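Below is one structure, written out as structure tokens; comments come after it.
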Amino acid sequence: MDLPHQGYRASAKPRARAAPSTSDSILFDDTSSAAPAMNNPVYYTPGYNMAGPSNDVQGGAVPNNMFTDPMANAALMYGSSLANQGKDIVNKEISRYMSVNKLKYFFAVDTRYVLKKLMILMFPYTHQDWEVRYHRDAPLTPRQDVNAPDLYIPTMAFITYILLAGMALGIQKRFSPEVLGLCASTALGWVIIEVLVMLLSLYLLTVHSDLSTFDLIAYSGYKYVGMIFTVLCGLLFGSDGYYVALAWSSCALMFFIVRSLKMKILPSLSSDSIGTGPSSKPQFRLYITVATALFQPIVIYWLTSHLVR
């Protein structure tokens, strides 16, 4: 009995494979060669709003600016009002103790004024006219009148003195932040003490003058110019140069103080010189002027002697 043959037949003809129909749907698309569509909202675009979805996606109008919110505008206006009120309060408190406009007057200088003032401080003997000029009962600014006191030169001279003191201490291997801070505080403290003593003397002796506190600070701060000159000569020429410069700067500063304060404290024609009382005695005015001038060399020596060895 013949059994049916299992397996492939050698004589069987190969079956031809039919090509896939283009009408049928493809299971996976080949996206390796094609770029994604940029208009698809899923993909990132350069114009994409990182703060939130666009109006087209949500289908509604969303404000892009937070300041269009009435509550935000109210908070902003309230904060600005508080800031302005705080600024006005600070300015009012400062004006109680110090006039900003008057302080600006003492810094109204230029290069020409600074050069002329420095020459007068170092060579006051050649200066002839010491009278302070006025315009409509108001003194001219320093840039318009070389005899007017200023605070620019004392401020810059004080800073320069501190830097020069640090250099001198560094050359002598004695520099330290504590020593430099003590030097700065001592120099500033002497000016404050001198101004307070001047104000107290003018008050107790009832001397009437047009000297303000800023004027006294300016005249007291001019000593830093002579101190810088003295320390430089001491560093360059030793102790001999130091004492020669000390004598020159002291005499020049005393002459400058006397001639300057003479126009303020010792006016030739004074309205209060008529009558009786301490204010009518010119010797009190003379004592204050001379004492202020004689005090300058002592302070200069005290603040510069330890910097030159």
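Naming works like this for the structure tokens: A, B, ... for the chains as they're shown, residue 1 at the start of each chain, ligands 1 onward in shown order.
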
Using 12 Å as the limit and counting only C-alpha atoms, can you tabulate each residue of region 150-183 of chain A that touches region 118-131 of chain A, with its shortest atom-to-atom distance in Å and the two atoms involved, as CSV?
residue,atom,partner,partner_atom,distance
A:Asp150,CA,A:Leu118,CA,11.8
A:Tyr152,CA,A:Leu118,CA,11.7
A:Ile153,CA,A:Leu118,CA,8.4
A:Pro154,CA,A:Leu118,CA,10.8
A:Ala157,CA,A:Leu118,CA,10.7

I'd like the contact shell of Leu196 (chain A) - 12 Å cut-off, only C-alpha atoms, skipping same-chain residues fewer than 3 positions apart - returned as a PyMOL selection string. chain A and resi 189-193+199-203+212-214+216-217+220+292

Test item: residues at most 10 Å from Asp110 (chain A), only C-alpha atoms, excluding those fewer than 5 positions along its chain, as JSON, numbers by chain: {"A": [115, 142, 143, 144, 152]}

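Every protein or nucleic acid residue with an atom no more than 12 Å from Arg309 (chain A), counting only C-alpha atoms and leaving out same-chain residues fewer than 5 positions away, appears here: Ala168, Leu169, Ile171, Gln172, Lys173, Arg174, Val231, Cys233, Gly234, Leu235, Leu236, Phe237, Gly238, Ser239, Asp240, Gly241, Tyr242, Tyr243 and Thr304 of chain A.
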
Name the residues of region 140-198 of chain A that fall into alpha helix (DSSP H) according to DSSP on the backbone, using the chain letters and numbers of this document, as a ChimeraX atom specification. /A:152-171,177-198

What's around region 176-180 of chain A at 8 Å? Count only C-alpha atoms, leave out sequence neighbours fewer than 6 positions away in its own chain, and write the answer as a list of chain:residue names.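 Contacts, with the query itself left out: A:Ile162, A:Ala165, A:Gly166.
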
For those residues, write all heavy atoms to a file as a compact mmCIF listing (two decimals), in the first residue's frame.
# COMPACT_ATOMS: atom_id res chain seq x y z
N ILE A 162 45.62 110.01 53.64
CA ILE A 162 45.47 108.64 54.12
C ILE A 162 46.27 107.68 53.23
O ILE A 162 46.97 106.77 53.72
CB ILE A 162 43.99 108.24 54.18
CG1 ILE A 162 43.23 109.15 55.15
CG2 ILE A 162 43.84 106.79 54.61
CD1 ILE A 162 43.77 109.16 56.55
N ALA A 165 49.94 108.20 53.93
CA ALA A 165 50.29 107.60 55.21
C ALA A 165 50.44 106.09 55.09
O ALA A 165 51.37 105.49 55.67
CB ALA A 165 49.24 107.94 56.26
N GLY A 166 49.57 105.46 54.33
CA GLY A 166 49.71 104.02 54.11
C GLY A 166 51.00 103.68 53.37
O GLY A 166 51.67 102.68 53.70

For Val132 (chain A), which of A:Gly79, A:Val308, A:Lys264, A:Ala291 is the closest residue, counting only C-alpha atoms?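 Under the stated criterion, the closest residue is A:Lys264.
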
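Pairwise distance (CA of Thr230 (chain A), CA of Leu246 (chain A)) equals 5.5 Å.
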
Provide the CA of Cys251 (chain A) to CA of Ala293 (chain A) distance in Å, to one decimal place. 9.2 Å

Excluding Ser249 (chain A) and residues on its chain fewer than 4 positions from it, collect all residues at most 9 Å away from it, counting only C-alpha atoms, and give them as a ChimeraX atom specification. /A:121-122,223,225-227,229-230,244-245,253-254,297,300

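For the atom pair formed by CA of Leu211 (chain A) and CA of Thr111 (chain A), the distance is 25.3 Å, given to one decimal.
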